[in-house]
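Note: the block below is entry.txt and it holds compact mmCIF, C-alpha atoms (C1' of nucleotides).
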```
# COMPACT_ATOMS: atom_id res chain seq x y z
CA MET F 345 -40.20 8.71 -7.37
CA VAL F 346 -36.47 8.36 -7.33
CA THR F 347 -34.61 9.95 -10.22
CA SER F 348 -31.45 8.34 -11.47
CA ALA F 349 -29.53 11.43 -10.46
CA GLU F 350 -30.63 10.92 -6.87
CA ARG F 351 -29.59 7.28 -6.92
CA GLY F 352 -26.28 8.44 -8.37
CA LYS F 353 -25.63 10.78 -5.44
CA GLN F 354 -26.47 7.95 -3.10
CA VAL F 355 -24.00 5.59 -4.75
CA ARG F 356 -21.34 8.31 -4.53
CA GLN F 357 -22.01 8.65 -0.83
CA GLN F 358 -21.84 4.88 -0.30
CA LEU F 359 -18.42 4.83 -1.93
CA LEU F 360 -17.18 7.62 0.35
CA THR F 361 -18.48 5.77 3.40
CA ALA F 362 -16.81 2.57 2.25
CA ALA F 363 -13.53 4.47 1.87
CA LEU F 364 -13.75 5.72 5.49
CA GLU F 365 -14.04 2.10 6.63
CA LEU F 366 -11.34 0.66 4.39
CA ILE F 367 -8.60 3.29 4.85
CA PRO F 368 -8.16 2.44 8.55
CA GLU F 369 -8.72 -1.28 7.97
CA ARG F 370 -6.29 -1.93 5.17
CA GLY F 371 -4.20 1.24 4.99
CA TRP F 372 -4.47 4.13 2.50
CA LEU F 373 -2.22 2.54 -0.12
CA ALA F 374 -3.89 -0.87 0.12
CA VAL F 375 -7.44 0.28 -0.60
CA SER F 376 -8.44 -0.91 -4.07
CA THR F 377 -11.25 0.04 -6.39
CA ARG F 378 -12.77 -3.44 -6.23
CA GLN F 379 -12.73 -3.58 -2.41
CA LEU F 380 -14.38 -0.18 -2.36
CA ALA F 381 -17.11 -1.26 -4.76
CA GLU F 382 -17.78 -4.50 -2.90
CA ARG F 383 -18.01 -2.74 0.49
CA ALA F 384 -20.38 -0.16 -1.01
CA GLY F 385 -22.46 -2.92 -2.61
CA VAL F 386 -21.91 -1.50 -6.06
CA ALA F 387 -20.37 -2.50 -9.39
CA PRO F 388 -16.58 -1.93 -9.73
CA GLY F 389 -16.89 0.33 -12.74
CA LEU F 390 -18.81 2.94 -10.75
CA VAL F 391 -15.73 4.08 -8.87
CA HIS F 392 -14.32 5.69 -12.01
CA TYR F 393 -17.69 6.96 -13.09
CA HIS F 394 -18.23 9.02 -9.94
CA PHE F 395 -14.59 9.95 -9.30
CA ASP F 396 -11.64 10.89 -11.48
CA SER F 397 -9.30 8.42 -9.86
CA LEU F 398 -8.85 6.27 -6.77
CA PRO F 399 -6.66 8.83 -4.94
CA ALA F 400 -9.27 11.52 -5.68
CA LEU F 401 -11.98 9.44 -4.04
CA LEU F 402 -9.87 8.81 -0.94
CA ARG F 403 -8.99 12.48 -0.71
CA VAL F 404 -12.62 13.66 -0.79
CA ALA F 405 -13.65 11.03 1.76
CA ALA F 406 -10.81 11.66 4.22
CA VAL F 407 -10.84 15.45 4.18
CA GLY F 408 -14.61 15.58 4.60
CA ALA F 409 -14.55 13.25 7.58
CA MET F 410 -11.67 15.11 9.20
CA ARG F 411 -13.42 18.47 8.90
CA GLU F 412 -16.42 17.01 10.68
CA THR F 413 -14.43 15.45 13.50
CA VAL F 414 -12.33 18.56 14.10
CA SER F 415 -15.37 20.80 14.26
CA GLU F 416 -16.93 18.50 16.87
CA VAL F 417 -13.84 18.85 19.07
CA GLU F 418 -13.84 22.60 18.51
CA ASP F 419 -17.47 22.88 19.59
CA VAL F 420 -16.55 21.60 23.04
CA LEU F 421 -14.52 24.76 23.65
CA THR F 422 -17.46 27.13 23.25
CA GLU F 423 -18.84 25.95 26.60
CA ALA F 424 -15.62 26.52 28.56
CA THR F 425 -14.46 29.85 29.95
CA ASP F 426 -11.34 28.70 31.82
CA ALA F 427 -8.30 26.59 30.96
CA ALA F 428 -8.92 23.66 33.29
CA THR F 429 -12.47 22.85 32.19
CA GLY F 430 -11.81 23.61 28.53
CA LEU F 431 -8.77 21.36 28.31
CA ASP F 432 -10.48 18.67 30.30
CA LEU F 433 -13.61 18.73 28.17
CA MET F 434 -11.54 18.56 25.01
CA LEU F 435 -9.36 15.69 26.22
CA ARG F 436 -12.42 13.82 27.44
CA ALA F 437 -13.94 14.19 24.00
CA LEU F 438 -10.74 12.64 22.66
CA ASP F 439 -10.91 9.66 25.02
CA ASP F 440 -13.26 8.03 22.53
CA TYR F 441 -10.32 7.84 20.16
CA THR F 442 -8.07 5.05 21.38
CA GLY F 443 -5.40 5.25 18.72
CA THR F 444 -6.61 2.06 17.07
CA ASP F 445 -10.16 3.16 16.32
CA PRO F 446 -11.11 4.03 12.74
CA THR F 447 -11.11 7.79 13.30
CA SER F 448 -7.64 7.97 14.85
CA LEU F 449 -6.18 5.77 12.14
CA LEU F 450 -7.89 7.79 9.43
CA PHE F 451 -6.17 10.93 10.70
CA VAL F 452 -2.70 9.40 10.70
CA GLU F 453 -3.21 7.64 7.37
CA THR F 454 -4.25 10.95 5.86
CA TYR F 455 -1.27 12.82 7.31
CA LEU F 456 1.03 10.28 5.69
CA ALA F 457 -0.79 10.18 2.38
CA ALA F 458 -0.52 13.97 2.27
CA THR F 459 3.27 13.71 2.06
CA ARG F 460 2.81 12.00 -1.32
CA ASP F 461 -0.23 13.92 -2.67
CA GLU F 462 0.06 17.64 -3.32
CA ALA F 463 -3.70 18.33 -3.45
CA LEU F 464 -4.32 16.40 -0.26
CA ARG F 465 -1.55 18.29 1.51
CA ALA F 466 -3.20 21.61 0.65
CA ASP F 467 -6.63 20.49 1.88
CA LEU F 468 -5.17 19.10 5.07
CA ALA F 469 -3.14 22.20 5.84
CA ASP F 470 -6.39 24.15 5.57
CA VAL F 471 -8.21 21.94 8.06
CA LEU F 472 -5.30 22.13 10.48
CA ALA F 473 -4.97 25.91 10.17
CA GLY F 474 -8.65 26.27 10.99
CA PHE F 475 -8.27 24.22 14.15
CA ARG F 476 -5.17 26.12 15.25
CA ASP F 477 -6.90 29.47 14.69
CA ARG F 478 -9.92 28.34 16.67
CA LEU F 479 -7.66 27.15 19.47
CA THR F 480 -5.54 30.31 19.40
CA HIS F 481 -8.63 32.48 19.78
CA TRP F 482 -9.86 30.47 22.73
CA LEU F 483 -6.45 30.51 24.46
CA ASP F 484 -6.22 34.26 23.92
CA GLY F 485 -9.64 34.68 25.51
CA ILE F 486 -8.60 32.89 28.69
CA GLY F 487 -5.31 34.78 28.96
CA THR F 488 -2.79 32.11 28.03
CA PRO F 489 0.63 33.58 27.16
CA ASP F 490 1.86 33.17 23.56
CA PRO F 491 -1.49 31.79 22.35
CA ALA F 492 -0.45 31.05 18.74
CA ASN F 493 2.54 28.86 19.56
CA THR F 494 0.71 27.27 22.45
CA ALA F 495 -2.16 26.34 20.15
CA ALA F 496 0.24 24.84 17.62
CA VAL F 497 1.95 22.74 20.27
CA LEU F 498 -1.37 21.71 21.77
CA ALA F 499 -2.77 20.65 18.41
CA ALA F 500 0.36 18.65 17.68
CA SER F 501 0.35 17.08 21.14
CA ILE F 502 -3.21 15.91 20.64
CA ASP F 503 -2.32 14.06 17.45
CA GLY F 504 0.82 12.67 19.07
CA LEU F 505 -1.22 11.37 21.99
CA LEU F 506 -3.55 9.53 19.63
CA LEU F 507 -0.51 8.04 17.91
CA HIS F 508 1.02 6.84 21.18
CA ARG F 509 -2.24 5.68 22.69
CA ALA F 510 -2.28 2.73 20.31
CA LEU F 511 0.86 1.43 22.06
CA HIS F 512 0.18 2.87 25.51
CA PRO F 513 -3.56 2.61 26.20
CA ASP F 514 -3.51 4.20 29.68
CA LEU F 515 -2.66 7.57 28.14
CA THR F 516 -6.16 8.91 28.85
CA ALA F 517 -7.50 12.34 29.76
CA ARG F 518 -7.05 11.56 33.46
CA ALA F 519 -3.27 11.12 33.03
CA VAL F 520 -2.69 13.78 30.41
CA SER F 521 -4.95 16.62 31.51
CA PRO F 522 -2.94 17.76 34.57
CA VAL F 523 0.29 17.77 32.56
CA LEU F 524 -1.00 19.76 29.62
CA LEU F 525 -2.80 22.12 31.95
CA ARG F 526 0.61 23.44 32.98
CA VAL F 527 1.10 24.57 29.39
CA LEU F 528 -1.99 26.74 29.62
CA THR F 529 -1.68 28.18 33.11
CA ALA F 530 2.04 28.78 33.70
CA ARG F 531 3.04 32.17 35.02
CA GLU F 532 4.84 34.69 32.87
CA GLY F 533 8.62 34.75 32.41
CA ASN F 534 8.88 30.97 31.91
CA MET W 1283 39.64 -13.07 1.16
CA VAL W 1284 35.90 -12.60 1.35
CA THR W 1285 33.89 -15.61 2.39
CA SER W 1286 30.45 -16.13 0.92
CA ALA W 1287 28.99 -15.88 4.42
CA GLU W 1288 30.44 -12.39 4.74
CA ARG W 1289 29.01 -11.36 1.39
CA GLY W 1290 25.69 -12.80 2.53
CA LYS W 1291 25.64 -10.60 5.62
CA GLN W 1292 26.47 -7.64 3.43
CA VAL W 1293 23.58 -8.35 1.05
CA ARG W 1294 21.26 -8.67 4.03
CA GLN W 1295 22.43 -5.28 5.25
CA GLN W 1296 21.97 -3.72 1.81
CA LEU W 1297 18.38 -4.95 1.75
CA LEU W 1298 17.72 -3.42 5.17
CA THR W 1299 19.21 -0.12 4.05
CA ALA W 1300 17.10 -0.16 0.89
CA ALA W 1301 14.00 -0.73 3.05
CA LEU W 1302 14.81 2.35 5.15
CA GLU W 1303 14.88 4.42 1.96
CA LEU W 1304 11.79 2.95 0.33
CA ILE W 1305 9.42 2.93 3.32
CA PRO W 1306 9.36 6.74 3.54
CA GLU W 1307 9.47 7.17 -0.24
CA ARG W 1308 6.64 4.89 -1.28
CA GLY W 1309 4.88 4.05 1.97
CA TRP W 1310 5.12 0.86 4.02
CA LEU W 1311 2.40 -0.98 2.10
CA ALA W 1312 3.75 0.03 -1.31
CA VAL W 1313 7.27 -1.32 -0.84
CA SER W 1314 7.69 -4.40 -3.01
CA THR W 1315 10.27 -7.15 -3.09
CA ARG W 1316 11.44 -6.16 -6.56
CA GLN W 1317 11.89 -2.48 -5.68
CA LEU W 1318 13.85 -3.56 -2.62
CA ALA W 1319 16.12 -5.81 -4.66
CA GLU W 1320 16.71 -3.19 -7.33
CA ARG W 1321 17.55 -0.47 -4.79
CA ALA W 1322 19.93 -2.85 -3.01
CA GLY W 1323 21.52 -3.80 -6.34
CA VAL W 1324 20.68 -7.43 -5.83
CA ALA W 1325 18.65 -10.21 -7.48
CA PRO W 1326 14.93 -10.31 -6.55
CA GLY W 1327 15.04 -13.85 -5.21
CA LEU W 1328 17.43 -12.86 -2.43
CA VAL W 1329 14.72 -11.10 -0.46
CA HIS W 1330 13.10 -14.40 0.43
CA TYR W 1331 16.43 -16.10 0.91
CA HIS W 1332 17.56 -13.74 3.69
CA PHE W 1333 14.12 -13.03 5.18
CA ASP W 1334 11.02 -15.11 5.85
CA SER W 1335 8.70 -12.62 4.19
CA LEU W 1336 8.45 -9.02 3.04
CA PRO W 1337 6.75 -7.81 6.25
CA ALA W 1338 9.48 -9.52 8.29
CA LEU W 1339 12.17 -7.61 6.39
CA LEU W 1340 10.43 -4.29 6.89
CA ARG W 1341 9.94 -5.02 10.57
CA VAL W 1342 13.63 -5.76 11.20
CA ALA W 1343 14.74 -2.69 9.25
CA ALA W 1344 12.30 -0.24 10.86
CA VAL W 1345 12.70 -1.34 14.48
CA GLY W 1346 16.49 -1.35 14.22
CA ALA W 1347 16.61 2.17 12.79
CA MET W 1348 14.15 3.49 15.38
CA ARG W 1349 16.16 2.09 18.26
CA GLU W 1350 19.21 3.88 16.95
CA THR W 1351 17.48 7.22 16.45
CA VAL W 1352 15.79 7.13 19.85
CA SER W 1353 19.03 6.37 21.62
CA GLU W 1354 20.69 9.33 19.91
CA VAL W 1355 17.98 11.66 21.21
CA GLU W 1356 18.27 10.09 24.66
CA ASP W 1357 22.01 10.68 24.73
CA VAL W 1358 21.45 14.42 24.52
CA LEU W 1359 19.82 14.34 27.95
CA THR W 1360 22.91 13.01 29.73
CA GLU W 1361 24.59 16.39 29.28
CA ALA W 1362 21.77 18.45 30.76
CA THR W 1363 21.12 18.97 34.44
CA ASP W 1364 18.18 21.38 34.25
CA ALA W 1365 14.87 21.47 32.42
CA ALA W 1366 15.51 24.44 30.16
CA THR W 1367 18.76 23.25 28.60
CA GLY W 1368 17.70 19.58 28.46
CA LEU W 1369 14.45 20.32 26.66
CA ASP W 1370 16.13 22.81 24.39
CA LEU W 1371 18.94 20.42 23.46
CA MET W 1372 16.47 17.66 22.74
CA LEU W 1373 14.18 19.84 20.62
CA ARG W 1374 17.18 21.22 18.74
CA ALA W 1375 18.27 17.65 18.01
CA LEU W 1376 14.78 17.13 16.60
CA ASP W 1377 14.96 20.20 14.35
CA ASP W 1378 16.78 18.02 11.84
CA TYR W 1379 13.56 16.10 11.44
CA THR W 1380 11.21 18.25 9.41
CA GLY W 1381 8.23 15.93 9.24
CA THR W 1382 8.91 15.10 5.61
CA ASP W 1383 12.44 13.75 6.00
CA PRO W 1384 12.98 9.99 5.78
CA THR W 1385 13.43 9.49 9.52
CA SER W 1386 10.22 11.27 10.53
CA LEU W 1387 8.22 9.43 7.92
CA LEU W 1388 9.74 6.11 8.91
CA PHE W 1389 8.51 6.62 12.47
CA VAL W 1390 4.95 7.40 11.46
CA GLU W 1391 4.85 4.65 8.83
CA THR W 1392 6.00 2.18 11.45
CA TYR W 1393 3.43 3.33 14.01
CA LEU W 1394 0.70 2.73 11.45
CA ALA W 1395 2.06 -0.59 10.25
CA ALA W 1396 2.15 -1.73 13.88
CA THR W 1397 -1.63 -1.49 14.06
CA ARG W 1398 -1.79 -4.28 11.47
CA ASP W 1399 1.20 -6.41 12.56
CA GLU W 1400 1.20 -8.05 15.98
CA ALA W 1401 4.96 -8.71 16.11
CA LEU W 1402 5.80 -5.19 15.04
CA ARG W 1403 3.49 -3.75 17.67
CA ALA W 1404 5.31 -5.66 20.40
CA ASP W 1405 8.76 -4.52 19.21
CA LEU W 1406 7.62 -0.94 18.91
CA ALA W 1407 6.00 -0.85 22.35
CA ASP W 1408 9.35 -1.98 23.71
CA VAL W 1409 11.27 0.84 22.01
CA LEU W 1410 8.76 3.40 23.21
CA ALA W 1411 8.74 2.09 26.78
CA GLY W 1412 12.53 2.40 26.86
CA PHE W 1413 12.37 6.04 25.78
CA ARG W 1414 9.64 6.87 28.28
CA ASP W 1415 11.59 5.25 31.11
CA ARG W 1416 14.73 7.15 30.16
CA LEU W 1417 12.75 10.38 30.05
CA THR W 1418 10.96 9.67 33.32
CA HIS W 1419 14.27 9.11 35.09
CA TRP W 1420 15.69 12.37 33.78
CA LEU W 1421 12.56 14.35 34.73
CA ASP W 1422 12.62 12.83 38.18
CA GLY W 1423 16.25 13.90 38.58
CA ILE W 1424 15.49 17.53 37.82
CA GLY W 1425 12.46 17.60 40.12
CA THR W 1426 9.57 17.70 37.64
CA PRO W 1427 6.26 16.80 39.30
CA ASP W 1428 4.53 13.60 38.14
CA PRO W 1429 7.51 12.48 36.03
CA ALA W 1430 5.95 9.35 34.53
CA ASN W 1431 2.89 11.04 33.05
CA THR W 1432 4.93 14.05 32.03
CA ALA W 1433 7.36 11.81 30.16
CA ALA W 1434 4.50 10.04 28.39
CA VAL W 1435 2.96 13.34 27.31
CA LEU W 1436 6.33 14.73 26.27
CA ALA W 1437 7.16 11.66 24.18
CA ALA W 1438 3.77 11.83 22.49
CA SER W 1439 4.09 15.57 21.91
CA ILE W 1440 7.42 15.05 20.17
CA ASP W 1441 5.92 12.61 17.69
CA GLY W 1442 2.91 14.87 17.21
CA LEU W 1443 5.17 17.81 16.46
CA LEU W 1444 6.97 15.83 13.77
CA LEU W 1445 3.61 14.88 12.30
CA HIS W 1446 2.40 18.49 12.20
CA ARG W 1447 5.70 19.93 11.07
CA ALA W 1448 5.12 18.47 7.62
CA LEU W 1449 2.13 20.80 7.25
CA HIS W 1450 3.39 23.65 9.44
CA PRO W 1451 7.14 24.01 8.86
CA ASP W 1452 7.72 26.90 11.30
CA LEU W 1453 7.03 24.59 14.23
CA THR W 1454 10.70 24.53 15.24
CA ALA W 1455 12.48 24.32 18.58
CA ARG W 1456 12.43 28.13 18.87
CA ALA W 1457 8.62 28.22 18.82
CA VAL W 1458 7.98 25.03 20.75
CA SER W 1459 10.62 25.08 23.45
CA PRO W 1460 9.17 27.89 25.62
CA VAL W 1461 5.73 26.30 25.51
CA LEU W 1462 6.82 22.80 26.49
CA LEU W 1463 9.13 24.20 29.11
CA ARG W 1464 6.03 25.19 31.08
CA VAL W 1465 5.19 21.48 31.30
CA LEU W 1466 8.48 20.80 33.04
CA THR W 1467 8.80 23.78 35.34
CA ALA W 1468 5.29 24.64 36.56
CA ARG W 1469 4.87 25.16 40.27
CA GLU W 1470 3.03 22.62 42.42
CA GLY W 1471 -0.77 22.56 42.76
CA ASN W 1472 -1.23 23.23 39.03
C1' DC V 43 -44.28 4.84 -29.55
C1' DT V 44 -39.23 6.95 -30.33
C1' DA V 45 -35.27 9.64 -28.82
C1' DC V 46 -32.43 11.06 -25.35
C1' DT V 47 -30.14 11.43 -20.80
C1' DG V 48 -27.45 9.97 -16.99
C1' DT V 49 -26.41 5.68 -14.52
C1' DT V 50 -24.79 1.04 -14.44
C1' DT V 51 -22.73 -3.41 -15.78
C1' DG V 52 -19.01 -6.67 -16.18
C1' DG V 53 -15.27 -7.97 -18.53
C1' DG V 54 -10.74 -6.66 -20.96
C1' DC V 55 -6.10 -4.62 -20.83
C1' DA V 56 -1.33 -4.36 -19.54
C1' DG V 57 1.08 -4.31 -15.59
C1' DT V 58 2.66 -5.54 -10.74
C1' DC V 59 2.41 -8.30 -6.69
C1' DG V 60 4.52 -12.09 -3.02
C1' DT V 61 6.31 -16.29 -3.07
C1' DC V 62 8.55 -20.25 -4.67
C1' DC V 63 12.10 -23.16 -6.79
C1' DA V 64 15.13 -25.76 -10.19
C1' DG V 65 19.42 -24.95 -11.38
C1' DG V 66 24.00 -22.41 -11.23
C1' DT V 67 28.13 -20.47 -8.82
C1' DC V 68 31.96 -20.53 -5.76
C1' DG V 69 34.98 -20.99 -1.77
C1' DA V 70 36.10 -24.42 1.98
C1' DT V 71 37.18 -29.09 3.21
C1' DC V 72 38.74 -33.68 2.44
C1' DG H 1177 40.98 -33.86 -8.14
C1' DA H 1178 35.89 -34.57 -5.94
C1' DT H 1179 32.29 -33.26 -2.66
C1' DC H 1180 29.80 -30.30 0.17
C1' DG H 1181 26.99 -26.45 1.61
C1' DA H 1182 25.93 -21.68 1.59
C1' DC H 1183 24.73 -18.19 -1.54
C1' DC H 1184 22.71 -16.60 -5.59
C1' DT H 1185 19.98 -16.32 -10.22
C1' DG H 1186 16.04 -15.42 -12.96
C1' DG H 1187 11.92 -16.98 -14.39
C1' DA H 1188 7.23 -19.17 -13.39
C1' DC H 1189 2.81 -19.18 -10.78
C1' DG H 1190 -1.77 -17.38 -9.77
C1' DA H 1191 -3.70 -13.47 -7.91
C1' DC H 1192 -4.40 -8.81 -7.83
C1' DT H 1193 -4.01 -3.82 -9.49
C1' DG H 1194 -6.04 0.99 -11.79
C1' DC H 1195 -8.35 2.29 -15.46
C1' DC H 1196 -11.19 1.93 -19.51
C1' DC H 1197 -15.23 1.08 -22.44
C1' DA H 1198 -18.90 -1.05 -25.39
C1' DA H 1199 -23.16 -2.34 -24.28
C1' DA H 1200 -27.40 -2.59 -21.32
C1' DC H 1201 -30.39 -0.08 -18.44
C1' DA H 1202 -34.12 3.04 -16.64
C1' DG H 1203 -36.63 7.14 -16.39
C1' DT H 1204 -38.09 11.66 -18.88
C1' DA H 1205 -39.55 14.39 -22.69
C1' DG H 1206 -41.46 15.03 -27.20
```

Now, as a test, write the supplied structure out as structure tokens.
Amino acid sequence: MVTSAERGKQVRQQLLTAALELIPERGWLAVSTRQLAERAGVAPGLVHYHFDSLPALLRVAAVGAMRETVSEVEDVLTEATDAATGLDLMLRALDDYTGTDPTSLLFVETYLAATRDEALRADLADVLAGFRDRLTHWLDGIGTPDPANTAAVLAASIDGLLLHRALHPDLTARAVSPVLLRVLTAREGN
Amino acid sequence: MVTSAERGKQVRQQLLTAALELIPERGWLAVSTRQLAERAGVAPGLVHYHFDSLPALLRVAAVGAMRETVSEVEDVLTEATDAATGLDLMLRALDDYTGTDPTSLLFVETYLAATRDEALRADLADVLAGFRDRLTHWLDGIGTPDPANTAAVLAASIDGLLLHRALHPDLTARAVSPVLLRVLTAREGN
DNA sequence: CTACTGTTTGGGCAGTCGTCCAGGTCGATC
DNA sequence: GATCGACCTGGACGACTGCCCAAACAGTAG
């Protein structure tokens, strides 16, 4: 007992999953409707039945996946009550992302696509603001000075590290953690 | 008295300049030979006369421009003999790059393209290694602990800040400088 | 059974793509 | 003058693009 509406939702989901594979593989601008349909095991015409346009499909897929990933990283913080273990846990969680893995590439591809897509830029700014707020609150709780700016720099540093890691693979938590820890634990009066 | 060889070099240069405009505008993968020729004010066939292929043209243009930009940022350091002014000068030099300006976008586009182009990845790793070495040497001179890892994190943070600045415009030197300064001036024993 | 709904199919449309190349241009050399 | 070689032109080639749509399909309701 499978209604056609249920099969429809499933096809929609398969297309979104295919997009999350193809964006890192080929690049945001090189993903085509026919590649998407083939990867999803579905007829080409279905792309424009389930979505308004190709960019709209990519936008829904990318933003959804990014929200999930960010909230996983955030969750790590709830277990930490001091700077050293919190930062270390978070950076360790990021060690899975090597800079060339699908998730890292998806993030950077989406950042770039957002500079050419108004709607995507708005969605992305929302995701990022949520992460910064979450980080600010945690930093405030452990007594870090200037928590808002520190959170902004920390969030940016994390994405920069993923970007550089593709060219500099030994940029792991072990190397980075002690350096960034100074940002969180420095004494007052810089 | 203009030889045809001289005009040839000029056309080649015009194509490279056009590439530096179009890569940020349209995105690396969306730059076409005909757009390039039109922007350079030149016949379409010339692209494949002066360059082996489209990716080869983009590679030469991007790597050349990045080398120049990086060396400009490096030069700022030669005037600074302490952490606070060096970092501040460098971050101020970066305030011109808003995250949506052509130079910032060129950097990120090139990072991404490098994940799909072996030759580009090698060239880019070379540029980055040069910057990290330059930064490491400067940090060592002013007595920063663990200069190599600090330089790597600092270089990555800079690119991350450019990436985030597109979505968070108030992430300027004024906000960032005091935070990153902690990385350079923390006391021993974290 | 018929009528109706939402889903699916596969090809058509006009346009762009990277690359190639036969032929044309023009200054330098003999 | 003729010859040479580098530089340039503009169109041709097959392949691909996003989007659209008439027609086929299946499952539900009357």

Q: Excluding region 55-61 of chain V and residues on its chain fewer than 3 positions from it, collect all residues at most 8 Å away from it, counting all atoms listed in the file, and give them as number ranges by chain.
A: W: 1314-1315, 1330, 1336; H: 1192-1193

Include C-alpha atoms (C1' of nucleotides) and write out the residues we just selected as a PDB file, in the coordinates of the input.
```pdb
ATOM      1  CA  SER W1314       7.690  -4.400  -3.010  1.00  0.00           C
ATOM      2  CA  THR W1315      10.270  -7.150  -3.090  1.00  0.00           C
ATOM      3  CA  HIS W1330      13.100 -14.400   0.430  1.00  0.00           C
ATOM      4  CA  LEU W1336       8.450  -9.020   3.040  1.00  0.00           C
TER       5      LEU W1336
ATOM      6  C1'  DC H1192      -4.400  -8.810  -7.830  1.00  0.00           C
ATOM      7  C1'  DT H1193      -4.010  -3.820  -9.490  1.00  0.00           C
TER       8       DT H1193
END
```

Q) Mind listing as JSON, numbers by chain which residues of chain H are within 10 Å of chain F, counting only C-alpha atoms (C1' of nucleotides)? A) {"H": [1192, 1193, 1194, 1195, 1196, 1197, 1202, 1203, 1204]}

Q.
Contacts from chain V to chain F, 12 Å maximum, all atoms listed in the file: show me the residue list as a VMD selection string.
A. chain V and resid 47 to 53 59

Q. In Å, how far is it from CA of Leu483 (chain F) to CA of Leu1445 (chain W)?
A.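 Distance reported for this atom pair: 22.2 Å.
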
Please identify every residue of chain F that has at least one atom no more than 7 Å from any atom of chain W, counting all atoms listed in the file, and report them as a PDB file with C-alpha atoms, in the frame of the given file.
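Final output, saved to part24.pdb:
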```
ATOM      1  CA  LEU F 373      -2.220   2.540  -0.120  1.00  0.00           C
ATOM      2  CA  ALA F 374      -3.890  -0.870   0.120  1.00  0.00           C
ATOM      3  CA  THR F 444      -6.610   2.060  17.070  1.00  0.00           C
ATOM      4  CA  THR F 459       3.270  13.710   2.060  1.00  0.00           C
ATOM      5  CA  ALA F 469      -3.140  22.200   5.840  1.00  0.00           C
ATOM      6  CA  ASN F 493       2.540  28.860  19.560  1.00  0.00           C
ATOM      7  CA  THR F 494       0.710  27.270  22.450  1.00  0.00           C
ATOM      8  CA  VAL F 497       1.950  22.740  20.270  1.00  0.00           C
ATOM      9  CA  ALA F 500       0.360  18.650  17.680  1.00  0.00           C
ATOM     10  CA  SER F 501       0.350  17.080  21.140  1.00  0.00           C
ATOM     11  CA  ASP F 503      -2.320  14.060  17.450  1.00  0.00           C
ATOM     12  CA  GLY F 504       0.820  12.670  19.070  1.00  0.00           C
ATOM     13  CA  LEU F 505      -1.220  11.370  21.990  1.00  0.00           C
ATOM     14  CA  HIS F 508       1.020   6.840  21.180  1.00  0.00           C
ATOM     15  CA  LEU F 511       0.860   1.430  22.060  1.00  0.00           C
ATOM     16  CA  ALA F 519      -3.270  11.120  33.030  1.00  0.00           C
ATOM     17  CA  VAL F 520      -2.690  13.780  30.410  1.00  0.00           C
ATOM     18  CA  VAL F 523       0.290  17.770  32.560  1.00  0.00           C
ATOM     19  CA  LEU F 524      -1.000  19.760  29.620  1.00  0.00           C
ATOM     20  CA  ARG F 526       0.610  23.440  32.980  1.00  0.00           C
ATOM     21  CA  VAL F 527       1.100  24.570  29.390  1.00  0.00           C
ATOM     22  CA  ALA F 530       2.040  28.780  33.700  1.00  0.00           C
ATOM     23  CA  ASN F 534       8.880  30.970  31.910  1.00  0.00           C
TER      24      ASN F 534
END
```

What lies within 10 Å of Arg383 (chain F) using only C-alpha atoms (C1' of nucleotides), ignoring chain neighbours under 4 positions off, as a PDB file with C-alpha atoms, in the frame of the given file?
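Output (out-v7.pdb):
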```pdb
ATOM      1  CA  GLN F 358     -21.840   4.880  -0.300  1.00  0.00           C
ATOM      2  CA  LEU F 359     -18.420   4.830  -1.930  1.00  0.00           C
ATOM      3  CA  THR F 361     -18.480   5.770   3.400  1.00  0.00           C
ATOM      4  CA  ALA F 362     -16.810   2.570   2.250  1.00  0.00           C
ATOM      5  CA  ALA F 363     -13.530   4.470   1.870  1.00  0.00           C
ATOM      6  CA  GLU F 365     -14.040   2.100   6.630  1.00  0.00           C
ATOM      7  CA  LEU F 366     -11.340   0.660   4.390  1.00  0.00           C
ATOM      8  CA  ARG F 378     -12.770  -3.440  -6.230  1.00  0.00           C
ATOM      9  CA  GLN F 379     -12.730  -3.580  -2.410  1.00  0.00           C
TER      10      GLN F 379
END
```

Once 5 Å is added on each side, what are the centre and the three edge lengths, in Å to one decimal, of the axis-aligned box enclosing the listed atoms of region 1423-1429 of chain W? Present them as AutoDock Vina command-line options.
```
--center_x 10.4 --center_y 15.1 --center_z 38.1 --size_x 21.7 --size_y 15.2 --size_z 14.1
```

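Interatomic distance, CA of Glu1350 (chain W) to CA of Leu450 (chain F): 28.4 Å.
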
Q: Neighbourhood query: residues within 12 Å of (19.8, 18.8, 24.3), file coordinates, counting all atoms listed in the file; return as a list in words.
A: Glu1354, Val1355, Glu1356, Asp1357, Val1358, Leu1359, Thr1360, Glu1361, Ala1362, Thr1363, Asp1364, Ala1365, Ala1366, Thr1367, Gly1368, Leu1369, Asp1370, Leu1371, Met1372, Leu1373, Arg1374, Ala1375, Leu1376, Asp1377, Ala1455 and Ser1459 of chain W

Q. Hey, can you check how far CA of Leu364 (chain F) sits from CA of Asp461 (chain F)?
A. 17.8 Å
